[in-house]
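This is upload_13.txt (compact mmCIF, C-alpha atoms and all ligand atoms).
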# COMPACT_ATOMS: atom_id res chain seq x y z
CA MET A 6 -10.11 21.80 -1.93
CA SER A 7 -9.47 18.23 -3.08
CA ALA A 8 -6.03 17.53 -4.56
CA GLY A 9 -7.76 15.49 -7.26
CA LYS A 10 -7.58 11.91 -8.42
CA ILE A 11 -4.62 10.12 -9.96
CA ALA A 12 -4.60 6.57 -11.33
CA PHE A 13 -1.51 4.64 -10.27
CA ALA A 14 -0.39 1.19 -11.42
CA VAL A 15 2.32 -1.15 -10.21
CA THR A 16 3.41 -3.93 -12.58
CA GLY A 17 5.97 -6.73 -12.36
CA ALA A 18 9.19 -4.91 -13.22
CA SER A 19 11.89 -4.44 -10.63
CA GLY A 20 11.73 -1.22 -8.56
CA ALA A 21 8.98 -1.52 -5.94
CA LEU A 22 10.73 1.15 -3.88
CA TYR A 23 10.04 3.74 -6.59
CA ALA A 24 6.34 2.85 -6.44
CA VAL A 25 5.92 3.14 -2.68
CA ARG A 26 7.94 6.37 -2.48
CA THR A 27 5.82 7.99 -5.20
CA LEU A 28 2.58 6.70 -3.68
CA ALA A 29 3.52 8.14 -0.28
CA GLU A 30 4.22 11.56 -1.81
CA LEU A 31 0.90 11.61 -3.68
CA LEU A 32 -1.06 10.60 -0.59
CA ALA A 33 0.77 13.17 1.55
CA ARG A 34 -0.48 15.83 -0.89
CA GLY A 35 -4.08 14.77 -0.24
CA VAL A 36 -4.45 13.06 -3.61
CA HIS A 37 -7.10 10.37 -4.10
CA VAL A 38 -4.97 7.59 -5.58
CA GLU A 39 -6.82 4.93 -7.58
CA LEU A 40 -4.41 2.01 -7.41
CA VAL A 41 -4.26 -1.10 -9.57
CA VAL A 42 -1.54 -3.70 -9.14
CA SER A 43 -0.96 -6.56 -11.58
CA ASP A 44 -0.41 -10.10 -10.28
CA TYR A 45 3.34 -9.76 -10.82
CA GLY A 46 3.21 -6.29 -9.31
CA LYS A 47 1.81 -7.87 -6.14
CA ARG A 48 4.63 -10.38 -6.16
CA LEU A 49 7.14 -7.56 -6.70
CA LEU A 50 5.89 -5.61 -3.66
CA ARG A 51 6.27 -8.67 -1.44
CA ASP A 52 9.56 -9.92 -2.94
CA GLU A 53 11.38 -6.56 -2.91
CA LEU A 54 9.85 -4.94 0.20
CA GLY A 55 8.55 -7.82 2.32
CA ASP A 56 5.11 -9.11 3.33
CA GLU A 57 4.35 -5.92 5.23
CA ALA A 58 4.19 -4.06 1.90
CA SER A 59 1.49 -6.34 0.45
CA ILE A 60 -1.61 -4.56 -0.88
CA GLU A 61 -3.76 -5.22 2.21
CA LYS A 62 -1.14 -3.62 4.48
CA LEU A 63 0.07 -0.92 2.12
CA VAL A 64 -1.24 2.20 3.90
CA PRO A 65 0.15 1.20 7.33
CA TYR A 66 3.43 0.28 5.56
CA LEU A 67 3.60 3.72 3.92
CA ALA A 68 2.77 5.48 7.21
CA ALA A 69 5.46 3.52 9.08
CA LYS A 70 8.10 4.24 6.43
CA TYR A 71 7.22 7.78 5.35
CA GLY A 72 5.12 9.19 8.21
CA ASP A 73 1.46 9.79 9.10
CA LYS A 74 1.15 12.52 6.48
CA VAL A 75 0.22 9.78 4.00
CA ASN A 76 -3.15 9.66 5.75
CA ALA A 77 -4.01 13.02 4.14
CA GLY A 78 -4.83 11.14 0.93
CA VAL A 79 -7.28 8.42 -0.04
CA LEU A 80 -6.24 5.06 -1.50
CA THR A 81 -8.78 3.07 -3.52
CA VAL A 82 -7.58 -0.32 -4.76
CA HIS A 83 -9.05 -1.78 -7.97
CA SER A 84 -8.71 -5.32 -9.28
CA ASN A 85 -6.66 -5.59 -12.48
CA ARG A 86 -9.44 -7.87 -13.78
CA ASP A 87 -12.19 -5.29 -13.26
CA LEU A 88 -12.61 -3.56 -16.60
CA GLY A 89 -15.70 -1.88 -15.19
CA ALA A 90 -13.74 0.04 -12.54
CA THR A 91 -14.00 3.83 -12.49
CA ILE A 92 -10.59 4.37 -14.10
CA ALA A 93 -11.61 2.24 -17.11
CA SER A 94 -13.81 5.10 -18.31
CA GLY A 95 -12.90 8.44 -19.84
CA SER A 96 -15.89 9.99 -18.03
CA HIS A 97 -14.14 9.42 -14.70
CA SER A 98 -12.30 12.44 -13.32
CA CYS A 99 -8.76 11.04 -13.00
CA SER A 100 -6.49 13.77 -14.31
CA ALA A 101 -3.39 11.61 -14.88
CA MET A 102 -1.89 8.15 -14.49
CA ALA A 103 1.53 6.79 -13.60
CA ILE A 104 2.73 3.20 -14.08
CA VAL A 105 5.58 2.60 -11.66
CA PRO A 106 7.42 0.41 -12.52
CA CYS A 107 6.17 -0.66 -15.94
CA SER A 108 7.07 -4.11 -17.28
CA MET A 109 7.93 -4.66 -20.92
CA LYS A 110 4.77 -6.75 -21.19
CA THR A 111 2.49 -3.95 -19.99
CA LEU A 112 4.46 -1.45 -22.10
CA ALA A 113 3.74 -3.63 -25.16
CA GLY A 114 0.05 -3.83 -24.28
CA ILE A 115 -0.22 -0.05 -23.99
CA ALA A 116 1.81 0.57 -27.15
CA HIS A 117 -0.59 -1.60 -29.12
CA GLY A 118 -3.81 -0.46 -27.44
CA LEU A 119 -4.70 -3.94 -26.21
CA SER A 120 -6.63 -3.06 -23.00
CA ARG A 121 -6.32 -6.68 -21.79
CA ASN A 122 -6.61 -5.68 -18.12
CA LEU A 123 -7.36 -2.57 -16.04
CA VAL A 124 -3.77 -1.27 -16.12
CA GLU A 125 -3.73 -1.31 -19.92
CA ARG A 126 -7.31 -0.03 -20.24
CA ALA A 127 -6.77 2.89 -17.81
CA ALA A 128 -3.58 3.80 -19.68
CA ASP A 129 -5.48 3.68 -22.99
CA VAL A 130 -8.12 5.99 -21.47
CA MET A 131 -5.39 8.51 -20.62
CA LEU A 132 -4.11 8.41 -24.20
CA LYS A 133 -7.52 8.71 -25.85
CA GLU A 134 -8.55 11.55 -23.53
CA GLN A 135 -5.16 13.23 -24.06
CA ARG A 136 -4.41 13.30 -20.34
CA ARG A 137 -0.97 12.84 -18.82
CA LEU A 138 0.26 9.22 -18.82
CA VAL A 139 3.63 8.63 -17.14
CA ILE A 140 5.26 5.29 -17.95
CA VAL A 141 8.29 4.23 -15.89
CA PRO A 142 9.78 1.25 -17.77
CA ARG A 143 12.51 -0.93 -16.28
CA GLU A 144 14.52 -3.50 -18.15
CA THR A 145 18.11 -3.88 -19.22
CA PRO A 146 19.29 -4.46 -21.84
CA MET A 147 16.29 -3.40 -23.89
CA SER A 148 15.07 -5.50 -26.81
CA LEU A 149 14.23 -3.82 -30.10
CA PRO A 150 10.49 -4.47 -29.58
CA ALA A 151 10.68 -2.79 -26.14
CA LEU A 152 12.49 0.22 -27.61
CA ARG A 153 9.92 0.45 -30.40
CA ASN A 154 7.08 0.17 -27.90
CA MET A 155 8.47 3.11 -25.94
CA VAL A 156 8.53 5.17 -29.13
CA LEU A 157 4.93 4.15 -29.91
CA CYS A 158 3.82 5.22 -26.42
CA ALA A 159 5.67 8.54 -26.69
CA GLU A 160 4.15 9.16 -30.13
CA ALA A 161 0.71 8.48 -28.66
CA GLY A 162 1.30 11.18 -26.04
CA ALA A 163 2.70 9.29 -23.04
CA MET A 164 5.67 10.60 -21.08
CA VAL A 165 8.31 7.86 -20.83
CA VAL A 166 10.35 8.28 -17.63
CA PRO A 167 12.75 5.33 -17.47
CA ALA A 168 13.76 4.05 -14.04
CA MET A 169 17.24 5.56 -14.36
CA PRO A 170 18.20 7.41 -11.18
CA ALA A 171 21.08 9.87 -11.53
CA PHE A 172 24.14 9.99 -9.29
CA TYR A 173 25.00 13.69 -9.48
CA GLN A 174 22.98 14.27 -6.28
CA LEU A 175 25.50 11.94 -4.55
CA PRO A 176 23.03 9.37 -3.19
CA ARG A 177 24.00 7.66 0.06
CA SER A 178 21.20 5.11 0.20
CA LEU A 179 18.62 3.25 -1.85
CA ASP A 180 16.04 5.68 -0.45
CA ASP A 181 18.01 8.57 -1.98
CA LEU A 182 17.79 6.84 -5.38
CA ALA A 183 14.07 6.23 -4.89
CA ASP A 184 13.61 9.90 -3.94
CA PHE A 185 15.19 10.93 -7.22
CA MET A 186 12.88 8.76 -9.31
CA ALA A 187 9.80 9.69 -7.26
CA GLY A 188 10.70 13.36 -7.79
CA LYS A 189 10.96 12.86 -11.54
CA ILE A 190 7.59 11.09 -11.59
CA LEU A 191 5.93 13.82 -9.47
CA SER A 192 7.32 16.48 -11.81
CA ALA A 193 5.94 14.57 -14.79
CA LEU A 194 2.54 14.47 -13.07
CA GLY A 195 2.72 18.23 -12.50
CA PHE A 196 3.54 18.34 -8.76
CA GLU A 197 6.23 20.44 -7.13
CA HIS A 198 8.57 18.66 -4.71
CA ASP A 199 11.90 18.89 -2.94
CA LEU A 200 12.88 15.24 -3.17
CA TYR A 201 16.26 16.06 -4.68
CA PRO A 202 18.18 19.31 -4.84
CA ALA A 203 17.80 21.33 -8.03
CA TRP A 204 20.89 21.27 -10.22
CA THR A 205 23.14 24.21 -9.37
CA GLY A 206 25.74 23.73 -12.06
CA GLN A 207 28.06 21.73 -9.82
CA VAL A 208 27.95 18.21 -8.36
CA GLY A 209 27.35 18.09 -4.60
CA SER A 210 26.63 21.80 -4.05
C1 LIG A 301 11.55 -11.11 -9.72
C2 LIG A 301 11.07 -10.63 -11.08
C3 LIG A 301 11.63 -9.51 -11.64
C4 LIG A 301 11.20 -9.07 -12.89
N1 LIG A 301 11.73 -7.92 -13.39
C5 LIG A 301 11.29 -7.45 -14.58
C6 LIG A 301 11.78 -6.20 -15.06
O1 LIG A 301 12.58 -5.51 -14.42
N2 LIG A 301 11.28 -5.75 -16.23
C7 LIG A 301 10.34 -6.45 -16.95
O2 LIG A 301 9.90 -5.98 -18.00
N3 LIG A 301 9.87 -7.65 -16.50
C8 LIG A 301 10.32 -8.16 -15.34
N4 LIG A 301 9.84 -9.36 -14.87
C9 LIG A 301 8.92 -10.13 -15.70
C10 LIG A 301 7.47 -9.63 -15.58
O3 LIG A 301 7.06 -9.66 -14.23
C11 LIG A 301 6.56 -10.51 -16.43
O4 LIG A 301 6.80 -10.25 -17.82
C12 LIG A 301 5.10 -10.31 -16.15
O5 LIG A 301 4.35 -11.12 -17.02
C13 LIG A 301 4.68 -8.87 -16.29
O6 LIG A 301 3.29 -8.80 -16.13
P1 LIG A 301 2.57 -7.45 -15.69
O7 LIG A 301 3.02 -6.39 -16.60
O8 LIG A 301 1.11 -7.76 -15.86
O9 LIG A 301 2.92 -7.20 -14.27
C14 LIG A 301 10.23 -9.81 -13.60
C15 LIG A 301 9.67 -10.96 -13.04
C16 LIG A 301 10.08 -11.37 -11.79
C17 LIG A 301 9.45 -12.61 -11.20
As a first step, turn the structure in this file into structure tokens.
Ligand SMILES: Cc1cc2nc3c(=O)[nH]c(=O)nc-3n(C[C@H](O)[C@H](O)[C@H](O)COP(=O)(O)O)c2cc1C
Amino acid sequence: MSAGKIAFAVTGASGALYAVRTLAELLARGVHVELVVSDYGKRLLRDELGDEASIEKLVPYLAAKYGDKVNAGVLTVHSNRDLGATIASGSHSCSAMAIVPCSMKTLAGIAHGLSRNLVERAADVMLKEQRRLVIVPRETPMSLPALRNMVLCAEAGAMVVPAMPAFYQLPRSLDDLADFMAGKILSALGFEHDLYPAWTGQVGS
């Protein structure tokens, strides 16, 4: 049985590692990921992870970093300028969408229903169809407009999952921090995972 389709966006906020870790987990579960990356999201992937993580090389990059199990899924890449792409329509069968990381600009566009590009339009589709939309904003400090835009998105039905990894799982590496955020995003999308140990009531146990 197919693991279904999930829309996934990468925009130009810091935290490319969260995006690739989450993508790898979705693909490893056999999900058909419909990916759209903004122009600054493309720059982010290259700047933070290197040229080998650019869109054209993304699947081999994920396989090299996280293992061949990523080949269980399907990755379809859409242009952010293509407002006629499948995920721009509510009739398409994507059950959920995650935006990892989400810039304050894209957050504002979603909060105000602007649909200026495919990321914003696909997010608007999730809201209008009352499907799960997971927004992973990253900025610090946060301006009042950004805070208000998060509230608007939450009021519209989105799940706001800020890129705020915890330290109670005693991370030893950046990958441990990325695992934590990817786990939170997978949970928000409705997937089980073992990317970080469940809280036992005590740090480090
Ligand atoms: C290296 C770099 C890091 C950035 N980090 C952030 C960030 O963490 N959060 C944010 O909201 N914008 C950040 N920006 C600014 C956004 O990329 C910029 O507002 C862009 O227009 C967002 O467009 P997009 O949402 O279409 O990707 C960063 C830009 C650069 C070049």
Query raised in the report: Between A:His97, A:Lys47, A:Arg143, A:His117, which is the closest to ligand LIG 301 (chain A) once you count all atoms listed in the file?
Result: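 Closest to ligand LIG 301 (chain A) of all the choices is A:Arg143.
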Report task. List all protein, DNA and RNA residues that have at least one atom no more than 8 Å from any atom of ligand LIG 301 (chain A), counting all atoms listed in the file, and write them as a ChimeraX atom specification. Result -> /A:15-20,42-46,48-49,52,107-112,142-145
Report task. Show which residues sit within 10 Å of stretch 173-183 of chain A, as a VMD selection string. Count only C-alpha atoms, and ignore same-chain residues fewer than 2 positions away. Result -> chain A and resid 20 to 27 168 to 171 185 to 189 200 to 204 207 to 210
Report task. Go through A:Val41, A:Val36, A:Val139, A:Ala193 one by one, measure the shortest atom-to-atom distance of each to A:Met102 using only C-alpha atoms, and give the residue with the smallest value. Result ->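 Of all the options, A:Val139 lies closest to A:Met102.
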Query raised in the report: Quick one: of A:Ser148, A:Ser100, A:Asn85, A:Ser59, who's nearest to A:Arg126, counting only C-alpha atoms?
Result: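 Residue with the minimum atom-to-atom distance to A:Arg126: A:Asn85.
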Report task. For atom CA of A:Asp56 and atom CA of A:Thr91, quote the distance in Å rounded to one decimal. Result ->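 Distance reported for this atom pair: 28.0 Å.
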Requested in this report: For atom CA of A:Gly55 and atom CA of A:Pro106, quote the distance in Å rounded to one decimal.
Outcome: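 Distance reported for this atom pair: 17.0 Å.
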**Report entry** d(atom CA of A:Ala90, atom CA of A:Val124) in Å
**Finding:**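 Atom CA of A:Val124 lies at a distance of 10.7 Å from atom CA of A:Ala90.
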Mind rebuilding stretch 69-80 of chain A with all heavy atoms and writing that out as a compact mmCIF listing (two decimals), keeping the file's coordinate frame?
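And here is the file that came out, out.txt:
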# COMPACT_ATOMS: atom_id res chain seq x y z
N ALA A 69 4.31 3.88 8.24
CA ALA A 69 5.46 3.52 9.08
C ALA A 69 6.76 3.98 8.43
O ALA A 69 7.69 4.43 9.12
CB ALA A 69 5.48 2.00 9.30
N LYS A 70 6.85 3.90 7.11
CA LYS A 70 8.10 4.24 6.43
C LYS A 70 8.24 5.73 6.14
O LYS A 70 9.34 6.28 6.25
CB LYS A 70 8.19 3.44 5.11
CG LYS A 70 9.54 3.57 4.40
CD LYS A 70 9.70 2.49 3.34
CE LYS A 70 10.92 2.74 2.45
NZ LYS A 70 12.21 2.75 3.11
N TYR A 71 7.12 6.38 5.81
CA TYR A 71 7.22 7.78 5.35
C TYR A 71 6.48 8.77 6.24
O TYR A 71 6.53 9.97 5.99
CB TYR A 71 6.71 7.89 3.92
CG TYR A 71 7.49 7.03 2.94
CD1 TYR A 71 6.92 5.92 2.33
CD2 TYR A 71 8.83 7.31 2.65
CE1 TYR A 71 7.64 5.12 1.45
CE2 TYR A 71 9.56 6.52 1.76
CZ TYR A 71 8.95 5.43 1.17
OH TYR A 71 9.67 4.64 0.31
N GLY A 72 5.78 8.28 7.27
CA GLY A 72 5.12 9.19 8.21
C GLY A 72 3.61 9.27 8.01
O GLY A 72 3.09 8.94 6.95
N ASP A 73 2.93 9.76 9.08
CA ASP A 73 1.46 9.79 9.10
C ASP A 73 0.87 10.73 8.06
O ASP A 73 -0.34 10.68 7.80
CB ASP A 73 0.97 10.21 10.49
CG ASP A 73 1.12 9.08 11.49
OD1 ASP A 73 1.20 7.92 11.04
OD2 ASP A 73 1.19 9.37 12.69
N LYS A 74 1.69 11.59 7.48
CA LYS A 74 1.15 12.52 6.48
C LYS A 74 0.52 11.79 5.29
O LYS A 74 -0.31 12.37 4.58
CB LYS A 74 2.22 13.51 6.02
CG LYS A 74 3.48 12.90 5.43
CD LYS A 74 4.52 13.98 5.19
CE LYS A 74 5.71 13.54 4.36
NZ LYS A 74 6.50 12.43 4.86
N VAL A 75 0.85 10.53 5.10
CA VAL A 75 0.22 9.78 4.00
C VAL A 75 -1.28 9.65 4.21
O VAL A 75 -2.03 9.44 3.25
CB VAL A 75 0.85 8.37 3.78
CG1 VAL A 75 2.34 8.47 3.51
CG2 VAL A 75 0.54 7.44 4.92
N ASN A 76 -1.72 9.79 5.47
CA ASN A 76 -3.15 9.66 5.75
C ASN A 76 -3.96 10.85 5.25
O ASN A 76 -5.20 10.84 5.32
CB ASN A 76 -3.37 9.46 7.26
CG ASN A 76 -2.81 8.11 7.71
OD1 ASN A 76 -3.05 7.10 7.05
ND2 ASN A 76 -2.06 8.09 8.79
N ALA A 77 -3.29 11.88 4.73
CA ALA A 77 -4.01 13.02 4.14
C ALA A 77 -4.72 12.62 2.86
O ALA A 77 -5.70 13.25 2.45
CB ALA A 77 -3.02 14.16 3.85
N GLY A 78 -4.25 11.56 2.20
CA GLY A 78 -4.83 11.14 0.93
C GLY A 78 -5.81 9.98 1.10
O GLY A 78 -6.06 9.52 2.21
N VAL A 79 -6.35 9.56 -0.03
CA VAL A 79 -7.28 8.42 -0.04
C VAL A 79 -6.72 7.39 -1.01
O VAL A 79 -6.28 7.75 -2.12
CB VAL A 79 -8.68 8.85 -0.53
CG1 VAL A 79 -9.62 7.67 -0.64
CG2 VAL A 79 -9.26 9.92 0.39
N LEU A 80 -6.71 6.12 -0.61
CA LEU A 80 -6.24 5.06 -1.50
C LEU A 80 -7.40 4.12 -1.81
O LEU A 80 -7.94 3.49 -0.91
CB LEU A 80 -5.09 4.28 -0.84
CG LEU A 80 -4.40 3.27 -1.75
CD1 LEU A 80 -3.57 3.99 -2.83
CD2 LEU A 80 -3.48 2.36 -0.95
